[in-house]
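The data block below is my_file29.tsv; it holds TSV, C-alpha atoms and all ligand atoms.
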```
chain	number	residue	atom	x	y	z
A	15	MET	CA	8.56	-15.57	3.02
A	16	GLY	CA	7.62	-18.71	4.91
A	17	ALA	CA	4.80	-21.14	4.25
A	18	GLU	CA	2.27	-18.46	3.39
A	19	GLY	CA	3.88	-17.56	0.10
A	20	LEU	CA	3.61	-14.39	-1.89
A	21	ASP	CA	0.19	-15.13	-3.35
A	22	GLY	CA	-1.18	-15.69	0.15
A	23	LEU	CA	0.18	-12.35	1.21
A	24	VAL	CA	-1.37	-10.65	-1.82
A	25	GLU	CA	-4.67	-12.38	-1.05
A	26	ARG	CA	-4.65	-11.04	2.51
A	27	LEU	CA	-3.88	-7.57	1.21
A	28	ALA	CA	-6.83	-7.71	-1.16
A	29	GLN	CA	-8.99	-8.70	1.83
A	30	ARG	CA	-7.87	-5.53	3.60
A	31	ASP	CA	-5.81	-7.30	6.22
A	32	VAL	CA	-4.10	-4.39	7.98
A	33	ARG	CA	-1.33	-6.52	9.43
A	34	ALA	CA	-0.47	-7.92	6.01
A	35	ALA	CA	-0.34	-4.39	4.61
A	36	ALA	CA	1.92	-3.18	7.41
A	37	ARG	CA	4.20	-6.16	6.97
A	38	VAL	CA	4.45	-5.82	3.19
A	39	ILE	CA	5.16	-2.10	3.42
A	40	SER	CA	7.88	-2.63	6.03
A	41	LEU	CA	9.51	-5.22	3.82
A	42	LEU	CA	9.31	-2.92	0.80
A	43	GLU	CA	11.03	-0.21	2.80
A	44	SER	CA	13.72	-2.30	4.42
A	45	ASP	CA	14.56	-5.15	2.06
A	46	PRO	CA	15.66	-4.28	-1.48
A	47	ASP	CA	15.31	-7.93	-2.51
A	48	PHE	CA	11.63	-8.05	-1.58
A	49	ALA	CA	10.09	-5.80	-4.25
A	50	PRO	CA	11.53	-7.68	-7.25
A	51	VAL	CA	9.81	-10.90	-6.12
A	52	PHE	CA	6.71	-9.43	-4.47
A	53	ILE	CA	5.65	-6.83	-7.04
A	54	PRO	CA	5.18	-9.41	-9.82
A	55	ALA	CA	2.78	-11.32	-7.53
A	56	LEU	CA	0.99	-8.07	-6.66
A	57	ALA	CA	0.79	-7.08	-10.32
A	58	LYS	CA	-1.57	-9.98	-11.03
A	59	VAL	CA	-4.36	-8.27	-9.10
A	60	HIS	CA	-3.23	-4.65	-9.15
A	61	ARG	CA	-5.37	-1.92	-10.71
A	62	GLN	CA	-4.23	1.66	-10.47
A	63	ARG	CA	-6.58	4.09	-8.67
A	64	PRO	CA	-6.73	7.88	-8.94
A	65	ARG	CA	-3.67	9.37	-7.26
A	66	LEU	CA	-3.48	12.92	-6.02
A	67	GLY	CA	-0.11	14.35	-5.03
A	68	VAL	CA	-0.03	17.17	-2.49
A	69	THR	CA	3.28	18.91	-2.33
A	70	GLY	CA	4.82	22.20	-1.20
A	71	SER	CA	7.30	23.75	1.20
A	72	PRO	CA	7.48	22.71	4.86
A	73	GLY	CA	4.64	24.04	6.98
A	74	VAL	CA	2.34	25.36	4.23
A	75	GLY	CA	-0.40	23.03	5.45
A	76	LYS	CA	-0.09	19.95	3.23
A	77	SER	CA	-1.04	17.51	5.98
A	78	THR	CA	-3.95	19.73	7.02
A	79	VAL	CA	-5.13	19.80	3.39
A	80	VAL	CA	-4.79	16.02	3.10
A	81	ASN	CA	-6.63	15.58	6.39
A	82	ALA	CA	-9.48	17.72	5.13
A	83	LEU	CA	-9.49	15.84	1.82
A	84	ILE	CA	-9.70	12.53	3.67
A	85	ARG	CA	-12.67	13.85	5.63
A	86	HIS	CA	-14.26	15.01	2.39
A	87	VAL	CA	-13.93	11.73	0.53
A	88	ARG	CA	-14.95	9.73	3.60
A	89	GLY	CA	-18.12	11.80	3.43
A	90	LEU	CA	-18.54	10.46	-0.10
A	91	GLY	CA	-18.14	6.93	1.22
A	92	MET	CA	-14.76	6.30	-0.40
A	93	ARG	CA	-11.86	4.35	1.02
A	94	VAL	CA	-8.60	6.23	1.18
A	95	GLY	CA	-4.93	5.32	1.14
A	96	VAL	CA	-2.41	7.97	2.15
A	97	VAL	CA	1.35	7.99	1.83
A	98	ALA	CA	3.05	10.84	3.66
A	99	VAL	CA	6.64	11.05	2.53
A	100	ASP	CA	8.26	12.66	5.48
A	101	PRO	CA	11.89	13.68	5.27
A	102	THR	CA	12.12	14.15	9.02
A	103	SER	CA	10.90	10.65	9.73
A	104	PRO	CA	11.66	8.55	11.62
A	105	PHE	CA	14.31	10.21	13.72
A	106	SER	CA	13.38	13.84	14.21
A	107	GLY	CA	9.67	13.74	13.42
A	108	GLY	CA	8.19	17.14	14.04
A	109	ALA	CA	11.41	18.77	15.14
A	110	LEU	CA	11.46	20.97	12.06
A	111	LEU	CA	8.10	22.53	12.84
A	112	GLY	CA	6.73	22.18	16.31
A	113	ASP	CA	3.13	22.51	15.21
A	114	ARG	CA	3.05	20.21	12.24
A	115	VAL	CA	-0.14	18.26	11.75
A	116	ARG	CA	-0.28	14.48	11.91
A	117	MET	CA	-3.17	12.56	10.48
A	118	ASN	CA	-4.16	10.79	13.67
A	119	GLU	CA	-7.80	11.66	13.45
A	120	PHE	CA	-8.54	8.62	11.29
A	121	PHE	CA	-6.75	6.13	13.47
A	122	SER	CA	-9.85	4.08	14.15
A	123	ASP	CA	-11.42	4.43	10.69
A	124	ASP	CA	-10.66	1.19	8.88
A	125	ALA	CA	-11.51	2.74	5.51
A	126	VAL	CA	-8.45	5.00	5.87
A	127	PHE	CA	-4.93	3.63	5.69
A	128	ILE	CA	-2.14	6.13	6.31
A	129	ARG	CA	1.50	5.34	6.01
A	130	SER	CA	4.34	7.69	6.63
A	131	MET	CA	7.69	6.99	5.00
A	132	GLY	CA	11.16	8.48	5.15
A	133	THR	CA	12.64	9.94	1.97
A	134	ARG	CA	15.46	7.50	1.73
A	135	GLY	CA	15.79	8.23	-1.94
A	136	SER	CA	19.27	7.24	-2.97
A	137	MET	CA	19.14	9.71	-5.85
A	138	GLY	CA	17.13	12.49	-4.32
A	139	GLY	CA	13.38	12.63	-4.65
A	140	LEU	CA	11.32	9.76	-3.42
A	141	SER	CA	12.56	6.42	-2.26
A	142	ALA	CA	12.26	3.46	-4.56
A	143	ALA	CA	9.63	1.99	-2.28
A	144	THR	CA	7.13	4.86	-2.62
A	145	ALA	CA	5.62	3.78	-5.94
A	146	ASN	CA	5.29	0.21	-4.67
A	147	VAL	CA	3.70	1.29	-1.40
A	148	VAL	CA	1.10	3.17	-3.45
A	149	ARG	CA	0.42	-0.05	-5.37
A	150	VAL	CA	-0.02	-1.92	-2.11
A	151	LEU	CA	-2.58	0.65	-0.96
A	152	GLU	CA	-4.41	0.23	-4.26
A	153	VAL	CA	-4.62	-3.54	-3.89
A	154	PHE	CA	-5.66	-2.91	-0.30
A	155	GLY	CA	-8.85	-1.43	-1.71
A	156	SER	CA	-8.25	2.30	-1.71
A	157	ASP	CA	-10.62	4.15	-4.03
A	158	VAL	CA	-8.21	7.05	-4.12
A	159	VAL	CA	-4.63	7.58	-2.95
A	160	PHE	CA	-3.23	10.83	-1.57
A	161	ILE	CA	0.52	11.31	-1.55
A	162	GLU	CA	2.06	14.10	0.55
A	163	THR	CA	5.62	15.13	-0.26
A	164	VAL	CA	7.73	18.11	0.72
A	165	GLY	CA	9.02	20.30	-2.08
A	166	MET	CA	9.49	19.12	-5.59
A	167	GLY	CA	12.69	17.88	-6.98
A	168	GLN	CA	13.47	18.14	-10.64
A	169	THR	CA	15.89	15.29	-10.41
A	170	GLY	CA	15.39	11.75	-9.32
A	171	PHE	CA	12.16	9.92	-9.06
A	172	ASP	CA	9.50	12.27	-7.84
A	173	ILE	CA	5.85	12.93	-7.15
A	174	VAL	CA	5.12	13.64	-10.84
A	175	ASP	CA	6.34	10.15	-11.60
A	176	ILE	CA	3.74	8.59	-9.30
A	177	ALA	CA	0.68	10.85	-9.06
A	178	ASP	CA	-1.92	11.48	-11.77
A	179	CYS	CA	-2.29	15.05	-10.60
A	180	VAL	CA	0.06	17.21	-8.55
A	181	THR	CA	-1.27	19.94	-6.29
A	182	LEU	CA	1.24	22.53	-5.19
A	183	VAL	CA	0.26	24.09	-1.87
A	184	LEU	CA	1.47	27.60	-1.08
A	185	SER	CA	0.87	29.82	1.90
A	186	PRO	CA	0.61	33.62	2.19
A	187	GLU	CA	4.17	33.56	3.46
A	188	ALA	CA	5.22	32.13	0.10
A	189	GLY	CA	5.76	35.43	-1.72
A	190	ASP	CA	9.50	34.82	-1.94
A	191	GLN	CA	9.03	31.26	-3.11
A	192	ILE	CA	7.15	32.48	-6.14
A	193	GLN	CA	9.94	34.87	-7.07
A	194	THR	CA	12.46	32.07	-6.98
A	195	MET	CA	10.17	29.38	-8.33
A	196	LYS	CA	11.71	27.87	-11.37
A	197	ALA	CA	9.70	27.48	-14.53
A	198	GLY	CA	10.14	23.73	-14.22
A	199	VAL	CA	8.37	23.72	-10.88
A	200	MET	CA	5.50	25.74	-12.29
A	201	GLU	CA	5.08	23.21	-15.03
A	202	ILE	CA	5.00	20.30	-12.64
A	203	ALA	CA	1.93	21.53	-10.77
A	204	ASP	CA	-1.50	20.74	-12.22
A	205	ILE	CA	-3.37	22.62	-9.50
A	206	PHE	CA	-2.14	25.45	-7.28
A	207	VAL	CA	-3.68	25.94	-3.86
A	208	ILE	CA	-3.07	28.99	-1.72
A	209	ASN	CA	-3.75	27.62	1.74
A	210	LYS	CA	-4.08	29.64	4.95
A	211	ALA	CA	-6.23	32.02	2.97
A	212	ASP	CA	-7.44	33.33	6.33
A	213	ARG	CA	-4.05	34.96	6.79
A	214	PRO	CA	-2.97	38.32	5.44
A	215	GLY	CA	-0.99	38.21	2.21
A	216	ALA	CA	-3.01	35.52	0.44
A	217	ASP	CA	-4.21	37.93	-2.25
A	218	ALA	CA	-0.70	39.21	-2.93
A	219	VAL	CA	0.51	35.64	-3.36
A	220	ARG	CA	-2.31	34.95	-5.78
A	221	VAL	CA	-1.45	38.01	-7.88
A	222	ALA	CA	2.25	37.11	-7.94
A	223	LEU	CA	1.47	33.53	-8.83
A	224	GLU	CA	-0.95	34.40	-11.59
A	225	GLN	CA	1.52	36.86	-13.09
A	226	THR	CA	4.24	34.25	-13.12
A	227	LEU	CA	1.86	31.64	-14.50
A	228	ALA	CA	0.70	33.96	-17.26
A	229	MET	CA	4.20	33.80	-18.71
A	230	VAL	CA	4.03	30.04	-19.19
A	231	TRP	CA	0.32	29.49	-19.68
A	232	GLU	CA	0.29	29.52	-23.44
A	233	ARG	CA	2.84	26.75	-23.45
A	234	LEU	CA	0.71	24.57	-21.20
A	235	PRO	CA	-2.04	22.38	-22.60
A	236	TRP	CA	-3.78	22.44	-19.19
A	237	ARG	CA	-4.10	25.81	-17.54
A	238	PRO	CA	-3.39	25.10	-13.88
A	239	PRO	CA	-6.06	26.77	-11.75
A	240	VAL	CA	-5.19	28.74	-8.63
A	241	LEU	CA	-7.51	27.76	-5.77
A	242	SER	CA	-7.69	29.00	-2.19
A	243	SER	CA	-8.23	27.03	0.97
A	244	GLU	CA	-8.44	27.30	4.72
A	245	ALA	CA	-7.63	23.70	5.40
A	246	ARG	CA	-8.06	24.07	9.16
A	247	THR	CA	-11.75	24.81	8.71
A	248	GLY	CA	-12.19	22.79	5.51
A	249	LYS	CA	-13.00	25.81	3.40
A	250	GLY	CA	-12.03	25.30	-0.25
A	251	ILE	CA	-11.37	21.59	0.14
A	252	ALA	CA	-14.40	20.44	-1.87
A	253	GLU	CA	-13.14	22.67	-4.71
A	254	ILE	CA	-9.75	20.95	-4.67
A	255	TRP	CA	-11.45	17.59	-4.87
A	256	GLN	CA	-13.66	18.75	-7.69
A	257	MET	CA	-10.71	20.18	-9.62
A	258	PHE	CA	-8.89	16.87	-9.23
A	259	GLY	CA	-11.90	15.24	-10.90
A	260	GLU	CA	-11.82	17.79	-13.72
A	261	TYR	CA	-8.15	17.16	-14.23
A	262	LEU	CA	-8.75	13.41	-14.41
A	263	ASN	CA	-11.44	14.06	-17.03
A	264	TYR	CA	-8.99	16.19	-18.97
A	265	LEU	CA	-6.43	13.38	-18.81
A	266	GLY	CA	-9.06	10.95	-19.97
A	267	GLU	CA	-9.42	12.77	-23.30
A	268	HIS	CA	-7.23	12.09	-26.31
A	269	ASP	CA	-5.19	9.31	-24.71
A	270	ARG	CA	-3.48	11.80	-22.37
A	271	ALA	CA	-3.79	9.47	-19.39
A	272	ARG	CA	-2.16	6.65	-21.30
A	273	GLU	CA	0.65	8.90	-22.47
A	274	LYS	CA	1.23	10.18	-18.94
A	275	ARG	CA	1.27	6.69	-17.51
A	276	LEU	CA	3.74	5.53	-20.16
A	277	ARG	CA	6.05	8.39	-19.24
A	278	GLN	CA	5.77	7.42	-15.59
A	279	VAL	CA	6.53	3.81	-16.40
A	280	GLU	CA	9.57	4.94	-18.41
A	281	ARG	CA	10.81	6.99	-15.47
A	282	GLU	CA	10.33	4.07	-13.11
A	283	ILE	CA	12.24	1.75	-15.43
A	284	GLU	CA	15.07	4.27	-15.60
A	285	PHE	CA	14.98	4.57	-11.85
A	286	ASN	CA	15.16	0.80	-11.48
A	287	VAL	CA	18.07	0.63	-13.91
A	288	ALA	CA	19.91	3.23	-11.84
A	289	SER	CA	19.13	1.37	-8.61
A	290	LEU	CA	20.34	-1.92	-10.07
A	291	VAL	CA	23.55	-0.31	-11.29
A	292	GLN	CA	24.06	1.28	-7.91
A	293	ARG	CA	23.56	-2.01	-6.09
A	294	HIS	CA	25.83	-3.69	-8.55
A	295	LEU	CA	28.49	-1.10	-7.85
A	296	SER	CA	28.20	-1.32	-4.11
A	297	ALA	CA	28.49	-5.08	-4.46
A	298	ALA	CA	31.86	-4.41	-6.06
A	299	SER	CA	33.46	-3.69	-2.72
A	300	GLU	CA	32.20	-7.03	-1.41
A	301	VAL	CA	32.93	-9.07	-4.50
A	302	THR	CA	36.39	-7.69	-5.24
A	303	PRO	CA	38.91	-9.39	-2.98
A	304	ALA	CA	41.27	-7.08	-1.11
A	305	THR	CA	44.18	-8.73	-2.86
A	306	ARG	CA	42.74	-7.85	-6.28
A	307	LEU	CA	42.13	-4.28	-5.16
A	308	ARG	CA	45.69	-4.11	-3.89
A	309	SER	CA	47.08	-5.38	-7.19
A	310	VAL	CA	45.33	-2.70	-9.28
A	311	ALA	CA	46.30	-0.09	-6.65
A	312	GLN	CA	49.92	-1.09	-7.18
A	313	GLU	CA	49.52	-0.63	-10.90
A	314	VAL	CA	48.07	2.84	-10.33
A	315	ALA	CA	50.88	3.68	-7.93
A	316	ALA	CA	53.40	2.51	-10.52
A	317	GLY	CA	51.84	4.84	-13.08
A	318	ARG	CA	50.57	2.10	-15.36
A	319	LEU	CA	46.87	2.78	-14.74
A	320	THR	CA	44.72	5.68	-13.64
A	321	THR	CA	42.16	5.16	-10.87
A	322	PHE	CA	39.44	5.42	-13.53
A	323	GLU	CA	40.95	2.64	-15.57
A	324	ALA	CA	41.43	0.57	-12.43
A	325	ALA	CA	37.78	1.09	-11.50
A	326	ARG	CA	36.66	0.17	-15.03
A	327	ARG	CA	38.75	-2.97	-14.90
A	328	LEU	CA	37.25	-4.06	-11.56
A	329	LEU	CA	33.79	-3.28	-12.86
A	330	ASP	CA	34.34	-5.41	-15.95
A	331	GLU	CA	35.40	-8.31	-13.74
A	332	LEU	CA	32.12	-8.28	-11.80
A	333	PRO	CA	29.44	-10.86	-12.52
A	334	ARG	CA	26.55	-9.45	-14.56
A	335	PRO	CA	23.79	-7.94	-12.40
B	401	LIG	N1	-4.16	29.85	9.79
B	401	LIG	C1	-4.12	28.68	9.19
B	401	LIG	N2	-3.26	27.75	9.61
B	401	LIG	C2	-3.23	26.56	8.96
B	401	LIG	C3	-4.09	26.27	7.87
B	401	LIG	N3	-3.80	25.04	7.42
B	401	LIG	C4	-2.82	24.56	8.22
B	401	LIG	N4	-2.47	25.48	9.15
B	401	LIG	C5	-1.47	25.31	10.22
B	401	LIG	O1	-0.17	25.31	9.67
B	401	LIG	C6	0.69	24.48	10.47
B	401	LIG	C7	1.40	23.46	9.60
B	401	LIG	O2	0.43	22.60	9.03
B	401	LIG	P1	0.80	21.17	8.43
B	401	LIG	O3	-0.44	20.64	7.82
B	401	LIG	O4	1.52	20.34	9.42
B	401	LIG	O5	1.80	21.62	7.28
B	401	LIG	P2	2.69	20.67	6.34
B	401	LIG	O6	2.85	21.41	5.06
B	401	LIG	O7	2.10	19.31	6.27
B	401	LIG	O8	4.05	20.63	7.14
B	401	LIG	P3	5.27	19.60	6.95
B	401	LIG	O9	4.70	18.22	6.71
B	401	LIG	O10	6.03	19.71	8.19
B	401	LIG	O11	6.03	20.10	5.75
B	401	LIG	C8	-0.22	23.81	11.51
B	401	LIG	O12	-0.14	24.53	12.70
B	401	LIG	C9	-1.60	23.98	10.91
B	401	LIG	O13	-2.61	24.01	11.89
B	401	LIG	C10	-4.99	27.29	7.43
B	401	LIG	O14	-5.77	27.15	6.48
B	401	LIG	N5	-4.97	28.47	8.13
B	402	MG	MG	2.94	17.40	6.72
```

What would you get if you wrote out this structure as structure tokens?
Amino acid sequence: MGAEGLDGLVERLAQRDVRAAARVISLLESDPDFAPVFIPALAKVHRQRPRLGVTGSPGVGKSTVVNALIRHVRGLGMRVGVVAVDPTSPFSGGALLGDRVRMNEFFSDDAVFIRSMGTRGSMGGLSAATANVVRVLEVFGSDVVFIETVGMGQTGFDIVDIADCVTLVLSPEAGDQIQTMKAGVMEIADIFVINKADRPGADAVRVALEQTLAMVWERLPWRPPVLSSEARTGKGIAEIWQMFGEYLNYLGEHDRAREKRLRQVEREIEFNVASLVQRHLSAASEVTPATRLRSVAQEVAAGRLTTFEAARRLLDELPRP
């Protein structure tokens, strides 16, 4: 870390030093040993801000919606942090959809900090760094954080484990998606948005969605609203922002926010346990000398051990993580 030290780096972040933010985020993404030492230093000054997740299938207009939301909240004088979790980054950016939108418009606005990240999630879902990058943006002074992700996994660490509120964006082409949408996915979304409402088919998607939702509504404490937007023109964006506020109010009642946050913390702990175990296991191939591996292989070959027992034995010989 050099002479500056972790606290110095945190201090620079809190002073909205863009270079410090870029450096910290790169380290979080590339060096698995960085977060365990840096996050405790960050935690001393960290306060969580409202977090809105924007998710949906490729090309439905998530980035356009986020862009329009940024414009909207900039109009309210707020500072914004954005994390775009981009599975095509960094190698084939944009190859999937030639006309995908990038949030370049705010390049020179120093109240907007946008970071795009690859999904290098080792267990599906988001990468371990995503939650920490959001924390960095919060210390960096964001009044609100938007998180764009593609799709929604039901395994691994995901958008629901980071955001306060998840918006699922659909497009009029999404008729089939609704048919195949699993109940679990329906229950993850707090707000539905049918974007590209200027296109034919938007009404049919709304009807299909509301019918499907009606089957689960009575089980849901919060009835997820179905909004419409034309993100390219900004139509419907203020309503999304307003609904986010209503949802935060709803969470604020009866300790719901605290309960939700505790569940997220539990998921992150579990995720960290799994990451530690995984790193511990991959260390096995480095720690176990080839001669030791050969000796258990010989025992397996001689029929005295199975490969499972051999693996268990090697694992037991490893130093504690
Ligand atoms: N007609 C119409 N087109 C839109 C609207 N919103 C977005 N688009 C277009 O849809 C295309 C995809 O938009 P993006 O915002 O890149 O979609 P995305 O969901 O972020 O895409 P990925 O990040 O690649 O998954 C672009 O050409 C947008 O201009 C809308 O309201 N109406
Ligand atoms: Mg996008």

Next item on the list: Show which residues sit within 9 Å of segment 67-73 of chain A, as a PyMOL selection string. Count all atoms listed in the file, and ignore same-chain residues fewer than 3 positions away.
Entry: chain A and resi 76-77+79-80+110-111+113-115+159-166+173-174+176-185+188+191+203

Notebook entry, point to check: What does the distance between atom CA of Arg237 of chain A and atom CA of Glu224 of chain A come to in Å, to one decimal place?
Noted result: 10.9 Å

Margin query: At a cut-off of 7 Å, using only C-alpha atoms, what residues contact segment 240-245 of chain A? Leave out same-chain residues fewer than 5 positions from it and give the result as an MDAnalysis selection string.
Written below: chainID A and resid 78:79 82 205:212 250:251

Box along x, y and z, 5 Å on every side, all listed atoms of ligand LIG 401 (chain B) inside: centre and edge lengths in Å to one decimal, as AutoDock Vina command-line options.
```
--center_x 0.1 --center_y 24.0 --center_z 8.9 --size_x 21.8 --size_y 21.6 --size_z 17.6
```

Next item on the list: Choose the residue, out of A:Phe171, A:Trp255, A:Tyr264, A:Trp236, that has the smallest atom-to-atom separation from Arg277 of chain A; count all atoms listed in the file.
Entry: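 Of A:Phe171, A:Trp255, A:Tyr264, A:Trp236, the one nearest Arg277 of chain A is A:Phe171, counting all atoms listed in the file.
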
Check: How many Å lie between atom CA of Leu265 of chain A and atom CA of Lys249 of chain A, rounded to one decimal?
Finding: 26.3 Å

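Between atom CA of Pro186 of chain A and atom CA of Trp231 of chain A lies a distance of 22.3 Å.
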
Item checked: Spatial neighbours of Arg129 of chain A, 7 Å, all atoms listed in the file, chain gap at least 5 places, as a VMD selection string -> chain A and resid 96 to 98

Next item on the list: Fewer than 4 positions away in the same chain doesn't count, so skip those; otherwise give me all residues within 9 Å of Leu27 of chain A, counting all atoms listed in the file, as a VMD selection string.
Entry: chain A and resid 22 to 23 31 to 35 38 150 to 151 153 to 155

Note to self: Given only C-alpha atoms as the basis, pick out the residue of A:Leu140, A:Ala49, A:Met92, A:Val219 nearest to Val158 of chain A.
What the structure shows: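 Using only C-alpha atoms, Val158 of chain A sits closest to A:Met92.
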